[in-house]
$ cat data_35.pdb   # PDB, C-alpha atoms and all ligand atoms
ATOM      1  CA  MET A1111     -64.594 -49.614  -5.014
ATOM      2  CA  ARG A1112     -61.772 -47.410  -6.279
ATOM      3  CA  ILE A1113     -62.173 -46.869 -10.028
ATOM      4  CA  ASN A1114     -59.669 -45.047 -12.264
ATOM      5  CA  ALA A1115     -59.726 -44.277 -15.970
ATOM      6  CA  VAL A1116     -57.082 -44.266 -18.680
ATOM      7  CA  ILE A1117     -57.949 -42.127 -21.679
ATOM      8  CA  VAL A1118     -55.580 -42.647 -24.576
ATOM      9  CA  ALA A1119     -54.962 -39.564 -26.697
ATOM     10  CA  ALA A1120     -51.427 -40.182 -27.956
ATOM     11  CA  GLY A1121     -52.117 -41.284 -31.536
ATOM     12  CA  GLU A1122     -50.514 -39.589 -34.504
ATOM     13  CA  GLY A1123     -53.784 -39.010 -36.316
ATOM     14  CA  LYS A1124     -52.286 -39.529 -39.777
ATOM     15  CA  ARG A1125     -55.665 -40.386 -41.304
ATOM     16  CA  MET A1126     -57.076 -37.025 -40.257
ATOM     17  CA  GLY A1127     -54.300 -35.024 -41.942
ATOM     18  CA  ALA A1128     -54.764 -32.075 -39.556
ATOM     19  CA  ALA A1129     -52.055 -29.989 -37.893
ATOM     20  CA  ALA A1130     -53.308 -30.624 -34.360
ATOM     21  CA  PRO A1131     -53.779 -34.063 -32.755
ATOM     22  CA  LYS A1132     -57.374 -35.296 -33.149
ATOM     23  CA  PRO A1133     -58.246 -34.905 -29.448
ATOM     24  CA  LEU A1134     -57.489 -31.184 -29.780
ATOM     25  CA  LEU A1135     -59.623 -30.550 -32.864
ATOM     26  CA  ALA A1136     -62.772 -28.494 -32.345
ATOM     27  CA  LEU A1137     -66.104 -30.268 -32.027
ATOM     28  CA  GLY A1138     -69.141 -28.121 -31.272
ATOM     29  CA  GLY A1139     -66.821 -25.234 -30.425
ATOM     30  CA  ARG A1140     -64.555 -27.031 -27.955
ATOM     31  CA  PRO A1141     -61.757 -29.562 -28.236
ATOM     32  CA  VAL A1142     -62.740 -33.214 -28.671
ATOM     33  CA  ILE A1143     -60.924 -34.252 -25.477
ATOM     34  CA  LEU A1144     -63.071 -31.929 -23.338
ATOM     35  CA  HIS A1145     -66.241 -33.710 -24.466
ATOM     36  CA  THR A1146     -64.661 -37.040 -23.533
ATOM     37  CA  LEU A1147     -63.544 -35.766 -20.137
ATOM     38  CA  ALA A1148     -66.980 -34.280 -19.415
ATOM     39  CA  ALA A1149     -68.504 -37.745 -19.806
ATOM     40  CA  PHE A1150     -65.934 -39.220 -17.420
ATOM     41  CA  ALA A1151     -66.513 -36.404 -14.918
ATOM     42  CA  ALA A1152     -70.187 -37.404 -14.852
ATOM     43  CA  SER A1153     -69.425 -41.120 -14.479
ATOM     44  CA  ARG A1154     -68.411 -43.292 -11.525
ATOM     45  CA  ALA A1155     -64.776 -43.263 -12.664
ATOM     46  CA  GLY A1156     -62.467 -41.382 -10.339
ATOM     47  CA  LYS A1157     -58.929 -40.285 -11.180
ATOM     48  CA  THR A1158     -58.334 -40.117 -14.917
ATOM     49  CA  VAL A1159     -54.939 -40.584 -16.532
ATOM     50  CA  VAL A1160     -54.869 -38.793 -19.884
ATOM     51  CA  VAL A1161     -52.145 -40.256 -22.103
ATOM     52  CA  VAL A1162     -50.878 -37.715 -24.648
ATOM     53  CA  PRO A1163     -48.037 -37.411 -27.169
ATOM     54  CA  GLU A1164     -44.833 -36.433 -25.326
ATOM     55  CA  GLN A1165     -44.236 -33.389 -27.556
ATOM     56  CA  GLU A1166     -47.846 -32.156 -27.128
ATOM     57  CA  ARG A1167     -47.880 -32.440 -23.360
ATOM     58  CA  PRO A1168     -47.566 -28.671 -22.735
ATOM     59  CA  ARG A1169     -50.548 -27.990 -25.024
ATOM     60  CA  PHE A1170     -52.758 -30.576 -23.300
ATOM     61  CA  ASP A1171     -51.601 -29.392 -19.890
ATOM     62  CA  MET A1172     -52.507 -25.792 -20.656
ATOM     63  CA  LEU A1173     -55.891 -26.743 -22.089
ATOM     64  CA  LEU A1174     -56.906 -28.987 -19.194
ATOM     65  CA  ARG A1175     -55.760 -26.500 -16.566
ATOM     66  CA  ALA A1176     -57.738 -23.728 -18.243
ATOM     67  CA  SER A1177     -60.917 -25.819 -18.556
ATOM     68  CA  ASP A1178     -63.735 -26.422 -16.123
ATOM     69  CA  LEU A1179     -63.668 -30.196 -15.705
ATOM     70  CA  GLY A1180     -66.022 -30.263 -12.758
ATOM     71  CA  ARG A1181     -64.992 -32.744 -10.088
ATOM     72  CA  LEU A1182     -62.660 -34.650 -12.422
ATOM     73  CA  GLU A1183     -59.252 -35.451 -10.977
ATOM     74  CA  TRP A1184     -56.808 -35.839 -13.878
ATOM     75  CA  THR A1185     -53.139 -36.348 -14.535
ATOM     76  CA  LEU A1186     -51.111 -36.475 -17.747
ATOM     77  CA  GLN A1187     -48.830 -39.255 -18.942
ATOM     78  CA  SER A1188     -46.707 -39.468 -22.088
ATOM     79  CA  GLY A1189     -47.779 -42.067 -24.649
ATOM     80  CA  GLY A1190     -45.922 -44.820 -26.475
ATOM     81  CA  VAL A1191     -45.492 -45.902 -30.087
ATOM     82  CA  ARG A1192     -48.564 -48.178 -30.238
ATOM     83  CA  ARG A1193     -51.945 -47.761 -28.566
ATOM     84  CA  GLN A1194     -51.198 -50.674 -26.254
ATOM     85  CA  ASP A1195     -47.946 -48.972 -25.176
ATOM     86  CA  SER A1196     -49.924 -45.846 -24.328
ATOM     87  CA  VAL A1197     -52.406 -47.851 -22.237
ATOM     88  CA  ALA A1198     -49.530 -49.627 -20.456
ATOM     89  CA  ARG A1199     -47.991 -46.256 -19.583
ATOM     90  CA  GLY A1200     -51.343 -45.036 -18.309
ATOM     91  CA  LEU A1201     -51.613 -48.072 -16.012
ATOM     92  CA  GLU A1202     -48.359 -46.992 -14.329
ATOM     93  CA  LEU A1203     -50.089 -43.953 -12.832
ATOM     94  CA  LEU A1204     -53.212 -45.517 -11.327
ATOM     95  CA  ASP A1205     -53.940 -44.984  -7.645
ATOM     96  CA  ALA A1206     -52.240 -47.632  -5.503
ATOM     97  CA  ASP A1207     -55.611 -48.839  -4.198
ATOM     98  CA  CYS A1208     -57.372 -48.787  -7.592
ATOM     99  CA  GLU A1209     -59.391 -51.973  -8.177
ATOM    100  CA  LEU A1210     -61.033 -51.351 -11.514
ATOM    101  CA  VAL A1211     -59.851 -49.390 -14.552
ATOM    102  CA  VAL A1212     -61.825 -48.072 -17.515
ATOM    103  CA  VAL A1213     -59.850 -47.601 -20.741
ATOM    104  CA  HIS A1214     -61.276 -45.248 -23.354
ATOM    105  CA  ASP A1215     -60.210 -43.695 -26.663
ATOM    106  CA  ALA A1216     -60.048 -39.903 -26.380
ATOM    107  CA  VAL A1217     -61.385 -39.771 -29.933
ATOM    108  CA  ARG A1218     -64.771 -41.194 -28.883
ATOM    109  CA  PRO A1219     -66.089 -37.923 -27.429
ATOM    110  CA  LEU A1220     -69.804 -38.733 -27.651
ATOM    111  CA  VAL A1221     -69.629 -41.554 -25.129
ATOM    112  CA  SER A1222     -72.194 -41.158 -22.348
ATOM    113  CA  ALA A1223     -71.533 -41.387 -18.627
ATOM    114  CA  ALA A1224     -74.251 -44.052 -18.554
ATOM    115  CA  LEU A1225     -72.282 -46.289 -20.938
ATOM    116  CA  ILE A1226     -69.094 -45.823 -18.911
ATOM    117  CA  ASP A1227     -71.035 -46.797 -15.783
ATOM    118  CA  ARG A1228     -72.595 -49.841 -17.486
ATOM    119  CA  CYS A1229     -69.108 -51.098 -18.404
ATOM    120  CA  ILE A1230     -67.911 -50.471 -14.842
ATOM    121  CA  ALA A1231     -70.866 -52.381 -13.378
ATOM    122  CA  ALA A1232     -70.393 -55.335 -15.749
ATOM    123  CA  ALA A1233     -66.641 -55.500 -15.090
ATOM    124  CA  GLY A1234     -67.323 -55.351 -11.357
ATOM    125  CA  LYS A1235     -69.423 -58.480 -11.793
ATOM    126  CA  ASP A1236     -67.532 -60.411 -14.500
ATOM    127  CA  GLY A1237     -63.973 -59.030 -14.343
ATOM    128  CA  ALA A1238     -63.844 -57.551 -17.847
ATOM    129  CA  ALA A1239     -66.480 -55.766 -19.932
ATOM    130  CA  VAL A1240     -66.410 -53.846 -23.194
ATOM    131  CA  ALA A1241     -68.970 -51.814 -25.118
ATOM    132  CA  GLY A1242     -70.043 -53.161 -28.496
ATOM    133  CA  LEU A1243     -72.839 -53.308 -31.051
ATOM    134  CA  PRO A1244     -73.975 -56.031 -33.452
ATOM    135  CA  VAL A1245     -72.724 -55.209 -36.960
ATOM    136  CA  ALA A1246     -75.181 -54.215 -39.680
ATOM    137  CA  ASP A1247     -72.812 -54.882 -42.594
ATOM    138  CA  THR A1248     -71.750 -58.280 -43.833
ATOM    139  CA  ILE A1249     -68.116 -58.623 -42.754
ATOM    140  CA  LYS A1250     -65.593 -60.535 -44.863
ATOM    141  CA  ILE A1251     -62.030 -61.595 -44.309
ATOM    142  CA  VAL A1252     -60.052 -60.290 -47.280
ATOM    143  CA  SER A1253     -56.486 -61.136 -48.311
ATOM    144  CA  ILE A1254     -53.820 -58.509 -49.077
ATOM    145  CA  ASP A1255     -54.517 -58.966 -52.776
ATOM    146  CA  ARG A1256     -58.206 -58.214 -52.129
ATOM    147  CA  ARG A1257     -59.645 -61.679 -52.437
ATOM    148  CA  ILE A1258     -62.449 -62.697 -50.122
ATOM    149  CA  GLU A1259     -61.306 -65.594 -47.997
ATOM    150  CA  ALA A1260     -64.242 -66.072 -45.664
ATOM    151  CA  THR A1261     -67.579 -64.653 -44.538
ATOM    152  CA  PRO A1262     -68.140 -65.187 -40.824
ATOM    153  CA  PRO A1263     -71.855 -65.484 -39.917
ATOM    154  CA  ARG A1264     -73.133 -62.023 -39.096
ATOM    155  CA  ASP A1265     -75.191 -62.989 -36.046
ATOM    156  CA  SER A1266     -72.038 -63.553 -34.039
ATOM    157  CA  LEU A1267     -70.191 -60.391 -35.156
ATOM    158  CA  TRP A1268     -70.043 -57.320 -32.938
ATOM    159  CA  ALA A1269     -68.184 -54.057 -33.507
ATOM    160  CA  ILE A1270     -66.297 -53.381 -30.310
ATOM    161  CA  GLN A1271     -65.935 -49.873 -28.937
ATOM    162  CA  THR A1272     -64.424 -48.360 -25.861
ATOM    163  CA  PRO A1273     -65.066 -47.923 -22.893
ATOM    164  CA  GLN A1274     -63.502 -51.198 -21.812
ATOM    165  CA  ALA A1275     -63.375 -51.891 -18.076
ATOM    166  CA  PHE A1276     -61.218 -54.431 -16.244
ATOM    167  CA  GLY A1277     -60.068 -55.507 -12.853
ATOM    168  CA  VAL A1278     -56.731 -53.722 -12.528
ATOM    169  CA  GLU A1279     -54.649 -56.805 -11.830
ATOM    170  CA  LEU A1280     -56.217 -58.642 -14.769
ATOM    171  CA  LEU A1281     -55.370 -55.848 -17.201
ATOM    172  CA  ARG A1282     -51.854 -55.460 -15.824
ATOM    173  CA  GLU A1283     -51.281 -59.198 -16.223
ATOM    174  CA  ALA A1284     -52.607 -59.043 -19.795
ATOM    175  CA  HIS A1285     -50.208 -56.232 -20.684
ATOM    176  CA  ARG A1286     -47.271 -58.028 -19.037
ATOM    177  CA  LYS A1287     -47.963 -61.127 -21.113
ATOM    178  CA  ALA A1288     -48.309 -59.034 -24.280
ATOM    179  CA  LYS A1289     -44.915 -57.487 -23.667
ATOM    180  CA  LEU A1290     -43.225 -60.792 -22.873
ATOM    181  CA  GLU A1291     -44.724 -62.600 -25.859
ATOM    182  CA  ALA A1292     -44.689 -59.658 -28.302
ATOM    183  CA  ILE A1293     -48.465 -59.799 -28.776
ATOM    184  CA  GLU A1294     -49.925 -56.921 -30.770
ATOM    185  CA  ALA A1295     -53.502 -55.865 -30.102
ATOM    186  CA  THR A1296     -55.777 -53.091 -31.254
ATOM    187  CA  ASP A1297     -57.760 -53.128 -28.027
ATOM    188  CA  ASP A1298     -57.282 -54.205 -24.429
ATOM    189  CA  ALA A1299     -59.951 -56.877 -24.501
ATOM    190  CA  MET A1300     -57.834 -58.801 -27.014
ATOM    191  CA  LEU A1301     -54.974 -58.982 -24.522
ATOM    192  CA  VAL A1302     -57.294 -60.245 -21.783
ATOM    193  CA  GLU A1303     -58.795 -62.789 -24.216
ATOM    194  CA  ARG A1304     -55.254 -64.079 -24.805
ATOM    195  CA  LEU A1305     -55.103 -64.927 -21.109
ATOM    196  CA  GLY A1306     -58.131 -67.141 -21.672
ATOM    197  CA  ARG A1307     -60.248 -64.957 -19.404
ATOM    198  CA  LYS A1308     -63.878 -64.041 -19.835
ATOM    199  CA  VAL A1309     -64.714 -60.669 -21.360
ATOM    200  CA  VAL A1310     -68.395 -59.701 -21.612
ATOM    201  CA  VAL A1311     -69.940 -57.258 -24.063
ATOM    202  CA  VAL A1312     -72.372 -54.585 -22.936
ATOM    203  CA  GLU A1313     -74.687 -52.809 -25.367
ATOM    204  CA  GLY A1314     -72.723 -49.841 -26.767
ATOM    205  CA  GLU A1315     -74.068 -46.670 -28.354
ATOM    206  CA  ARG A1316     -74.438 -45.787 -32.045
ATOM    207  CA  ARG A1317     -73.289 -42.241 -31.352
ATOM    208  CA  ASN A1318     -70.117 -43.443 -29.636
ATOM    209  CA  ILE A1319     -68.188 -43.183 -32.910
ATOM    210  CA  LYS A1320     -64.405 -43.094 -33.183
ATOM    211  CA  ILE A1321     -63.231 -39.932 -34.888
ATOM    212  CA  THR A1322     -60.685 -41.137 -37.422
ATOM    213  CA  THR A1323     -61.307 -39.135 -40.605
ATOM    214  CA  PRO A1324     -62.633 -35.621 -41.392
ATOM    215  CA  GLU A1325     -65.975 -37.276 -42.288
ATOM    216  CA  ASP A1326     -66.201 -38.704 -38.776
ATOM    217  CA  LEU A1327     -65.712 -35.236 -37.327
ATOM    218  CA  ALA A1328     -68.535 -33.893 -39.511
ATOM    219  CA  LEU A1329     -70.758 -36.783 -38.373
ATOM    220  CA  ALA A1330     -69.907 -36.102 -34.729
ATOM    221  CA  GLU A1331     -70.858 -32.428 -35.234
ATOM    222  CA  ALA A1332     -74.211 -33.511 -36.643
ATOM    223  CA  LEU A1333     -74.817 -35.939 -33.755
ATOM    224  CA  LEU A1334     -73.985 -33.223 -31.231
ATOM    225  CA  LEU A1335     -76.358 -30.765 -32.886
ATOM    226  CA  GLN A1336     -79.078 -33.401 -32.904
ATOM    227  CA  SER A1337     -78.684 -34.103 -29.191
ATOM    228  CA  SER A1338     -78.736 -30.413 -28.304
ATOM    229  CA  GLY A1339     -81.995 -30.112 -30.225
ATOM    230  CA  LYS A1340     -80.738 -27.498 -32.667
ATOM    231  CA  SER A1341     -81.313 -29.430 -35.876
TER     232      SER A1341
HETATM  233  O1  LIG B1401     -55.169 -45.511 -33.796
HETATM  234  P1  LIG B1401     -56.359 -46.004 -33.049
HETATM  235  O2  LIG B1401     -57.605 -45.829 -33.847
HETATM  236  O3  LIG B1401     -56.219 -47.330 -32.445
HETATM  237  O4  LIG B1401     -56.494 -44.973 -31.850
HETATM  238  C1  LIG B1401     -57.408 -45.141 -30.811
HETATM  239  C2  LIG B1401     -57.004 -44.241 -29.648
HETATM  240  O5  LIG B1401     -55.724 -44.638 -29.202
HETATM  241  C3  LIG B1401     -56.919 -42.753 -30.004
HETATM  242  O6  LIG B1401     -57.572 -42.000 -29.015
HETATM  243  C4  LIG B1401     -55.437 -42.493 -30.047
HETATM  244  O7  LIG B1401     -55.097 -41.162 -29.653
HETATM  245  C5  LIG B1401     -54.886 -43.502 -29.044
HETATM  246  N1  LIG B1401     -53.486 -43.902 -29.312
HETATM  247  C6  LIG B1401     -52.525 -43.664 -28.317
HETATM  248  N2  LIG B1401     -51.215 -43.994 -28.565
HETATM  249  C7  LIG B1401     -50.841 -44.530 -29.733
HETATM  250  C8  LIG B1401     -51.808 -44.789 -30.732
HETATM  251  C9  LIG B1401     -53.132 -44.472 -30.487
HETATM  252  O8  LIG B1401     -52.854 -43.145 -27.256
HETATM  253  N3  LIG B1401     -49.549 -44.792 -29.923
END
$ encode --input "data_35.pdb" --output "structure tokens"
Amino acid sequence: MRINAVIVAAGEGKRMGAAAPKPLLALGGRPVILHTLAAFAASRAGKTVVVVPEQERPRFDMLLRASDLGRLEWTLQSGGVRRQDSVARGLELLDADCELVVVHDAVRPLVSAALIDRCIAAAGKDGAAVAGLPVADTIKIVSIDRRIEATPPRDSLWAIQTPQAFGVELLREAHRKAKLEAIEATDDAMLVERLGRKVVVVEGERRNIKITTPEDLALAEALLLQSSGKS
């Protein structure tokens, strides 16, 4: 089965407040994006479309060309205004015979190849699969004026991560519908759910954090150190 990946790295990173885009910040002595790509290189995913901010394309291009990415076949694409626009642009560059696509946030650099492969296997069976973990906190729905409106039962709440893997045609259809009906979504699963199609959750990883703030970067450093046995 031909499997491609779309790694979205075209966010503005306002919450980080750094000069460089988050995927280019140093983590354990090398840019975040290189950790992410190393995991994909070790996974079953084949060609990887890396979606980057248009104005940063030369920087990403130089970095990726200069780096040892093993057997990874990669190509760059320019991103869009919203995450879903960036994914849609990534889908334009998949191999013509690609059957399954794995979408991943560049800013989740501690993902393992095993988790990517678990999502691929589950999507191969069920059509759509995302990584997720049961939440430990009690989650509440809160209004704009900070009043609690509801408390959904915790046993049915999961925090969804990427990777998210889909049959290519299913994900393309989901994005087409989103565009036509002006649906906004923070992940791809949500667009597939809107089609009324089944999406299964595979057990994610605690260390697969999304680097959003400087604290997240510090946490990722600590997790890396721990896994390399230096702490
Ligand atoms: O902003 P958010 O937390 O949803 O970002 C998740 C991922 O989506 C990040 O890796 C970010 O670079 C990417 N993104 C993108 N294009 C956008 C917005 C976010 O590729 N317009």
$ resolve_selection --input "data_35.pdb" --expression "the PyMOL selection byres (((chain A and resi 1304) around 9) and not hetatm)" --output "list in words"
Ala1284, Lys1287, Ala1288, Ile1293, Ala1299, Met1300, Leu1301, Val1302, Glu1303, Leu1305, Gly1306 and Arg1307 of chain A
$ closest_residue --input "data_35.pdb" --among "A:Asn1114, A:Ser1222, A:Thr1158, A:Gln1194" --to "ligand LIG 1401 (chain B)" --atoms "all atoms listed in the file"
A:Gln1194
$ residues_near_ligand --input "data_35.pdb" --ligand "ligand LIG 1401 (chain B)" --cutoff "8 Å" --atoms "all atoms listed in the file" --output "PyMOL selection string"
chain A and resi 1117-1123+1131-1133+1161-1163+1189-1197+1214-1218+1296-1297+1320+1322
$ closest_residue --input "data_35.pdb" --among "A:Pro1141, A:Gly1200, A:Pro1273, A:Gly1339" --to "Phe1170 (chain A)" --atoms "all atoms listed in the file"
A:Pro1141
$ atom_distance --input "data_35.pdb" --atom1 "CA of Val1310 (chain A)" --atom2 "CA of Asp1236 (chain A)"
7.2 Å
$ residues_around --input "data_35.pdb" --residues "region 1261-1269 of chain A" --least-positions-apart "3" --cutoff "10 Å" --atoms "all atoms listed in the file" --output "PyMOL selection string"
chain A and resi 1241-1252+1258+1311+1313-1314
$ resolve_selection --input "data_35.pdb" --expression "the PyMOL selection byres (((chain A and resi 1219) around 6) and not hetatm)" --output "list in words"
Val1142, His1145, Thr1146, Val1217, Arg1218, Leu1220 and Val1221 of chain A
$ resolve_selection --input "data_35.pdb" --expression "the PyMOL selection byres (((chain A and resi 1210) around 12) and not hetatm)" --output "VMD selection string"
chain A and resid 1111 to 1116 1154 to 1157 1201 1204 to 1209 1211 to 1213 1227 1229 to 1239 1274 to 1282
$ atom_distance --input "data_35.pdb" --atom1 "CA of Arg1317 (chain A)" --atom2 "CA of Glu1183 (chain A)"
25.7 Å
$ atom_distance --input "data_35.pdb" --atom1 "CA of Thr1272 (chain A)" --atom2 "CA of Glu1294 (chain A)"
17.5 Å
$ residues_around --input "data_35.pdb" --residues "Thr1185 (chain A)" --least-positions-apart "2" --cutoff "7 Å" --atoms "all atoms listed in the file" --output "ChimeraX atom specification"
/A:1158-1160,1187
$ closest_residue --input "data_35.pdb" --among "A:Asp1178, A:Arg1256, A:Gln1271, A:Ile1226" --to "Ile1319 (chain A)" --atoms "only C-alpha atoms"
A:Gln1271
$ closest_residue --input "data_35.pdb" --among "A:Ala1260, A:Ala1152, A:Leu1134, A:Leu1225" --to "Arg1169 (chain A)" --atoms "only C-alpha atoms"
A:Leu1134
$ build_atoms --input "data_35.pdb" --residues "region 1155-1182 of chain A" --atoms "N, CA and C atoms" --output "CSV table (one decimal), in the coordinates of the input"
chain,number,residue,atom,x,y,z
A,1155,ALA,N,-66.2,-43.2,-12.6
A,1155,ALA,CA,-64.8,-43.3,-12.7
A,1155,ALA,C,-64.2,-42.1,-11.9
A,1156,GLY,N,-63.1,-42.4,-11.1
A,1156,GLY,CA,-62.5,-41.4,-10.3
A,1156,GLY,C,-61.3,-40.8,-11.1
A,1157,LYS,N,-60.1,-40.9,-10.5
A,1157,LYS,CA,-58.9,-40.3,-11.2
A,1157,LYS,C,-58.8,-40.8,-12.6
A,1158,THR,N,-58.5,-39.8,-13.5
A,1158,THR,CA,-58.3,-40.1,-14.9
A,1158,THR,C,-56.9,-39.8,-15.4
A,1159,VAL,N,-56.3,-40.8,-15.9
A,1159,VAL,CA,-54.9,-40.6,-16.5
A,1159,VAL,C,-55.1,-40.3,-18.0
A,1160,VAL,N,-54.7,-39.1,-18.5
A,1160,VAL,CA,-54.9,-38.8,-19.9
A,1160,VAL,C,-53.5,-39.0,-20.5
A,1161,VAL,N,-53.4,-39.9,-21.5
A,1161,VAL,CA,-52.1,-40.3,-22.1
A,1161,VAL,C,-52.0,-39.5,-23.4
A,1162,VAL,N,-51.0,-38.7,-23.5
A,1162,VAL,CA,-50.9,-37.7,-24.6
A,1162,VAL,C,-49.5,-37.9,-25.3
A,1163,PRO,N,-49.4,-37.3,-26.5
A,1163,PRO,CA,-48.0,-37.4,-27.2
A,1163,PRO,C,-47.0,-36.6,-26.4
A,1164,GLU,N,-45.9,-37.1,-26.1
A,1164,GLU,CA,-44.8,-36.4,-25.3
A,1164,GLU,C,-44.7,-35.0,-25.8
A,1165,GLN,N,-44.5,-34.8,-27.1
A,1165,GLN,CA,-44.2,-33.4,-27.6
A,1165,GLN,C,-45.4,-32.4,-27.4
A,1166,GLU,N,-46.6,-33.0,-27.2
A,1166,GLU,CA,-47.8,-32.2,-27.1
A,1166,GLU,C,-48.3,-31.9,-25.7
A,1167,ARG,N,-47.5,-32.5,-24.8
A,1167,ARG,CA,-47.9,-32.4,-23.4
A,1167,ARG,C,-48.2,-31.0,-22.9
A,1168,PRO,N,-47.3,-30.0,-23.2
A,1168,PRO,CA,-47.6,-28.7,-22.7
A,1168,PRO,C,-48.9,-28.1,-23.2
A,1169,ARG,N,-49.3,-28.5,-24.5
A,1169,ARG,CA,-50.5,-28.0,-25.0
A,1169,ARG,C,-51.7,-28.6,-24.3
A,1170,PHE,N,-51.7,-29.9,-24.0
A,1170,PHE,CA,-52.8,-30.6,-23.3
A,1170,PHE,C,-52.8,-30.0,-21.9
A,1171,ASP,N,-51.7,-29.9,-21.3
A,1171,ASP,CA,-51.6,-29.4,-19.9
A,1171,ASP,C,-52.3,-28.0,-19.8
A,1172,MET,N,-51.9,-27.1,-20.7
A,1172,MET,CA,-52.5,-25.8,-20.7
A,1172,MET,C,-54.0,-25.8,-20.8
A,1173,LEU,N,-54.5,-26.6,-21.8
A,1173,LEU,CA,-55.9,-26.7,-22.1
A,1173,LEU,C,-56.7,-27.3,-20.9
A,1174,LEU,N,-56.2,-28.4,-20.3
A,1174,LEU,CA,-56.9,-29.0,-19.2
A,1174,LEU,C,-56.9,-28.1,-18.0
A,1175,ARG,N,-55.8,-27.4,-17.7
A,1175,ARG,CA,-55.8,-26.5,-16.6
A,1175,ARG,C,-56.7,-25.3,-16.7
A,1176,ALA,N,-56.9,-24.9,-18.0
A,1176,ALA,CA,-57.7,-23.7,-18.2
A,1176,ALA,C,-59.2,-24.1,-18.3
A,1177,SER,N,-59.5,-25.4,-18.3
A,1177,SER,CA,-60.9,-25.8,-18.6
A,1177,SER,C,-61.6,-26.2,-17.3
A,1178,ASP,N,-62.9,-26.0,-17.3
A,1178,ASP,CA,-63.7,-26.4,-16.1
A,1178,ASP,C,-64.1,-27.9,-16.3
A,1179,LEU,N,-63.4,-28.8,-15.6
A,1179,LEU,CA,-63.7,-30.2,-15.7
A,1179,LEU,C,-64.5,-30.7,-14.5
A,1180,GLY,N,-65.2,-29.8,-13.9
A,1180,GLY,CA,-66.0,-30.3,-12.8
A,1180,GLY,C,-65.2,-30.9,-11.7
A,1181,ARG,N,-65.7,-32.1,-11.2
A,1181,ARG,CA,-65.0,-32.7,-10.1
A,1181,ARG,C,-63.9,-33.7,-10.6
A,1182,LEU,N,-63.6,-33.7,-11.9
A,1182,LEU,CA,-62.7,-34.6,-12.4
A,1182,LEU,C,-61.2,-34.4,-11.9
